[in-house]
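Enquirer: Below is a structure I'd like to ask you about.
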Amino acid sequence: MTLLPAHAFAQAAADAEMVGTPDEFLAGASASEGGLDLTAPEIAENGNTVPISVDAPGAVEVRVYALGNPTPGVATFRFGPLSGAQFASTRIRLAGTQDVQAIAKMADGSYVTAMKTVKVTIGGCGG
Amino acid sequence: MASGVKPRVKVPKSASAGDVITIKTLISHPMESGQRKDSSGNTIQRSIIWRFTCDFNDQNVIDVVLAPAISTNPYFEFEAQVPESGEFKFTWYDDDGDVYDTSKKISV
């Protein structure tokens with residue numbers, strides 16, 4: 001048995017929990033519009049830190065994708081029993097002007113989605 | 001290796017039972033995406049925090065998986081229910097196996 005360095009375990013765990021792509025998350029199901037609010041600026045001067053927030057009443061899980069990034073996955077939010085609202089806000093990197101998509105999985109197993117186009121003046125991937 | 005990692009959280013000191021409160025968290029971390037190249041053209045190895053969780057009295061509030069597209073110094077704002085007095089526990093998991101945590105008490 002070979003011993004892996006500690007970071008290899010964390011890396012494997014991270015990859016197993018990857019945010020993936022919208023198609024992987026939906027797994028063939030279709031997502032309807034409405035019931036999910038995605039807030040993002042119309043124009044972001046600095047793609048290194050773009051504030052976004054998602055609000056999806058009744059969702060158990062929300063995933064955020066930046067469709068024009070080298071890897072589209074941005075984050076997965078899972079809401080536990082003590083979450084006050086299915087709301088979360090964070091800051092993300094965008095490589096350039098692109099669509100940001102959020103998909104929420106509802107408690108009944110259905111999906112809803114929302115999309116926003118963000119214009120980026122300076123890209124955030126250090127090209 | 002990430003150095004100088006410092007978590008900061010903002011939680012109200014007190015609330016009424018059943019209240020929904022807003023929590024803000026920030027942790028200083030470079031979140032090296034693994035996409036950038038150094039001056040000689042070599043890819044800089046990825047080094048990010050890949051997971052963040054918040055629990056209250058051992059019950060989960062939120063569990064976030066982070067991709068490299070999360071900005072440097074990951075910031076999160078979210079809402080939590082407070083059924084009773086207790087302690088919020090915040091945990092960040094680094095790619096290199098390090099775990100950073102901090103906690104905040106709240107009284108009802």
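In the structure tokens, chains take the letters A, B, ... in the order shown, each chain's residues start at 1, and ligands count up from 1 in the order shown.
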Find the residues around Leu67 (chain A) up to 12 Å (only C-alpha atoms counted), leave out those fewer than 6 positions away in its own chain, and share them as number ranges by chain.
Expert: A: 20-23, 73-74, 93-102, 115-118; B: 69
Enquirer: Provide as a PyMOL selection string the residues of chain B at most 6 Å from chain A, counting only C-alpha atoms.
Expert: chain B and resi 20+36+60-67+69-71+75-81+95-97
Enquirer: Step one, run DSSP on the backbone; step two, keep only residues of chain B assigned to strand (DSSP E); then write them as a ChimeraX atom specification.
Expert: /B:7-10,19-27,49-56,59-66,75-82,86-94,99-106
